[in-house]
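Worksheet for the structure shown next.
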Amino acid sequence: MFSHKSERLMFQPIVALMDSLLPRFNDKNEKFLPSVEQLNQYIYAVNLNNKTLQFIAQDESLPFLELGYEQRIYLHGLIATRNRNWHDFFNALAWLSFPKIKAAINAVHYLEQSQQKNSLRSARRDLLTLFDECGVIIQADEKIHHLIRNHKWNELFINHKNAWENGQIRISTFGHAMYEKYQTPYIGMTAKALLLPSDDVECDESIASKIVNNELLVKKGELFALPVLGIPGWHQHQDESFYANQNYFRP
């Protein structure tokens with residue numbers, strides 16, 4: 001299914017779903033993307049308003065047109081999804097892979113929208129959207145967190161290569177826009193990392209709980225830039241000159 005080992009590493013959290021839903025991924029052709037009916041065969045979750053979740057085509061048949069995207073999900077459990085669209089396909093896979101985090105983010109969006117007095121989005125909604133689109137979850141000890149916060153890229157990627165390869169440092173891509181970018185990786189591709197301790201095993205549940213309880217993703221400074229192609233195995237030419245590129249690996 002994947003043409004390079006690096007692709008399988010990038011898509012790791014959703015590999016099993018992609019194997020089932022998109023065996024012809026290598027063709028990179030939207031016409032092979034599953035329909036909303038096919039996606040609905042894989043979703044078994046409710047949102048925080050106790051509504052059963054399902055994907056629904058975003059076309060002329062879309063109900064509740066007076067509602068916005070997040071409102072429709074929270075009030076009716078309906079996730080508007082464009083047919084044969086890569087961005088929405090990866091968003092659907094994020095819902096299937098991280099249903100509790102996605103439901104928590106949706107609930108906060110809905111509640112903040114209900115309270116806002118004008119059309120301006122709150123800073124927290126902007127932060128949650130950034131994580132929803134571009135977020136990765138890093139589970140590692142504080143030493144690794146320190147390297148990411150302080151842009152110590154050589155130490156992080158070269159000196160700790162074994163830690164990436166043996167799972168001491170775990171990365172899970174959450175943001176669906178990142179998956180879309182992984183299809184055609186490019187130098188400059190950067191994610192926003194949420195740093196968690198290595199013992200936080202059930203990250204979907206724990207992150208969701210902390211978001212709902214206003215303990216996580218509340219203010220700026222909780223997400224950190226991560227040049228993901230530096231992760232061992234994520235690029236085919238990770239030699240000395242590659243890591244010396246300070247336009248990508250910014251000090």
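Ordering of the structure tokens sets the chain letters (A, B, ...); residue numbers start at 1 within each chain; ligands are numbered from 1 in the order shown.
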Counting only C-alpha atoms, which residues of stretch 96-190 of chain A fall within 9 Å of stretch 77-87 of chain A, and what is the closest atom pair for each with its distance in Å at one decimal, ordered by chain and rising number, as a tab-separated table?
```
residue	atom	partner	partner_atom	distance
A:His176	CA	A:His87	CA	6.8
A:Ala177	CA	A:His87	CA	6.4
A:Tyr179	CA	A:His87	CA	8.3
A:Glu180	CA	A:His87	CA	6.2
```
Among stretch 15-188 of chain A, which residues does DSSP mark as strand (DSSP E or B) when it is run on the backbone? Keep the chain and numbering as in the structure and answer as a PyMOL selection string.
chain A and resi 46+52+54-57+78-81+135-139+170-173
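Proximity of A:Ile187, A:Lys102, A:Gln139, A:Ala193 to A:Ser209, computed with only C-alpha atoms, is greatest for A:Lys102.
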Name all residues at most 12 Å from A:Lys143 (count only C-alpha atoms; drop same-chain ones fewer than 3 positions away) and give them as a list in words.
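With the cut-off at 12 Å, the set is Gln139, Ala140, His146, Leu147, Ile148, Arg149, Asn150, Lys152, Glu155, Leu156, His160, Ala163, Gln168, Ile169, Leu195, Leu196, Pro197 and Ser198 of chain A.
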Give me the residues within 10 Å of A:Gln54 as an MDAnalysis selection string, counting only C-alpha atoms and dropping any in the same chain fewer than 2 places off.
chainID A and resid 36:37 39:46 51:52 56 73 76:81 92 95
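Interatomic distance, atom CA of A:Phe32 against atom CA of A:Gly175: 22.0 Å.
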Per-residue nearest contacts of stretch 146-202 of chain A to stretch 231-234 of chain A (8 Å; only C-alpha atoms) as a tab-separated table:
```
residue	atom	partner	partner_atom	distance
A:Phe157	CA	A:Ile231	CA	5.9
A:Ile158	CA	A:Pro232	CA	7.9
A:Lys161	CA	A:Pro232	CA	6.1
A:Trp164	CA	A:Pro232	CA	6.7
A:Glu165	CA	A:Pro232	CA	7.2
```
Let's have the selection written as a PDB file, in the first residue's frame, with N, CA and C atoms.
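Result file out_14.pdb:
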```pdb
ATOM      1  N   PHE A 157      17.058  14.546  17.229  1.00  0.00           N
ATOM      2  CA  PHE A 157      16.889  13.602  16.129  1.00  0.00           C
ATOM      3  C   PHE A 157      18.094  12.689  15.905  1.00  0.00           C
ATOM      4  N   ILE A 158      19.304  13.182  16.164  1.00  0.00           N
ATOM      5  CA  ILE A 158      20.508  12.382  15.909  1.00  0.00           C
ATOM      6  C   ILE A 158      20.952  11.640  17.169  1.00  0.00           C
ATOM      7  N   LYS A 161      18.294   9.088  18.242  1.00  0.00           N
ATOM      8  CA  LYS A 161      17.711   8.312  17.154  1.00  0.00           C
ATOM      9  C   LYS A 161      17.145   6.990  17.651  1.00  0.00           C
ATOM     10  N   TRP A 164      13.687   7.212  19.257  1.00  0.00           N
ATOM     11  CA  TRP A 164      12.593   7.291  18.294  1.00  0.00           C
ATOM     12  C   TRP A 164      12.279   5.906  17.724  1.00  0.00           C
ATOM     13  N   GLU A 165      13.341   5.150  17.433  1.00  0.00           N
ATOM     14  CA  GLU A 165      13.142   3.869  16.752  1.00  0.00           C
ATOM     15  C   GLU A 165      12.631   2.777  17.678  1.00  0.00           C
TER      16      GLU A 165
END
```
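Take the candidates A:Phe89, A:Phe249, A:Tyr186, A:Tyr69 and check each one against A:Asn154 using only C-alpha atoms; the shortest distance goes to A:Phe249.
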Excluding A:Asn49 and residues on its chain fewer than 3 positions from it, collect all residues at most 8 Å away from it, counting only C-alpha atoms, and give them as a VMD selection string.
chain A and resid 46 74 to 75 107
Enumerate as a PyMOL selection string all residues of stretch 28-210 of chain A assigned to helix (DSSP H, G or I) by DSSP on the backbone, naming them with the chain letters and numbers the document uses.
chain A and resi 30-32+36-39+69-76+86-97+99-115+123-134+142-149+153-159+161-165+176-182+203-210
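Taking atom CA of A:Phe242 and atom CA of A:Ile171 as endpoints, the distance between them is 21.1 Å.
Here atom CA of A:Asp19 stands at a distance of 24.6 Å from atom CA of A:Ala103.
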Hey, what's within 10 Å of A:Gln113 if we count only C-alpha atoms and toss same-chain stuff fewer than 5 positions away? As number ranges by chain, please?
A: 68, 70-71, 107-108, 118-122, 125
Please identify all polymer residues within 9 Å of A:Ile14, counting only C-alpha atoms, omitting same-chain residues fewer than 5 positions from it, and present them as a list in words.
Asp19, Leu93, Ala94, Leu96, Ser97 and Thr173 of chain A
For the residues in that selection, give me N, CA and C atoms as a CSV table (one decimal), in the first residue's frame.
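Result went into selection-v2.csv, see below:
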```csv
chain,number,residue,atom,x,y,z
A,19,ASP,N,-5.6,0.8,5.4
A,19,ASP,CA,-5.5,-0.5,4.8
A,19,ASP,C,-6.9,-1.1,4.4
A,93,LEU,N,-10.9,10.1,9.4
A,93,LEU,CA,-10.0,9.1,10.0
A,93,LEU,C,-9.6,9.6,11.4
A,94,ALA,N,-9.4,10.9,11.6
A,94,ALA,CA,-9.1,11.4,12.9
A,94,ALA,C,-10.3,11.2,13.9
A,96,LEU,N,-12.3,8.7,13.7
A,96,LEU,CA,-12.4,7.3,14.0
A,96,LEU,C,-11.2,6.9,14.9
A,97,SER,N,-10.1,7.6,14.9
A,97,SER,CA,-8.9,7.2,15.6
A,97,SER,C,-8.9,7.9,17.0
A,173,THR,N,0.2,11.4,15.0
A,173,THR,CA,-0.3,12.6,14.3
A,173,THR,C,-1.8,12.6,14.6
```
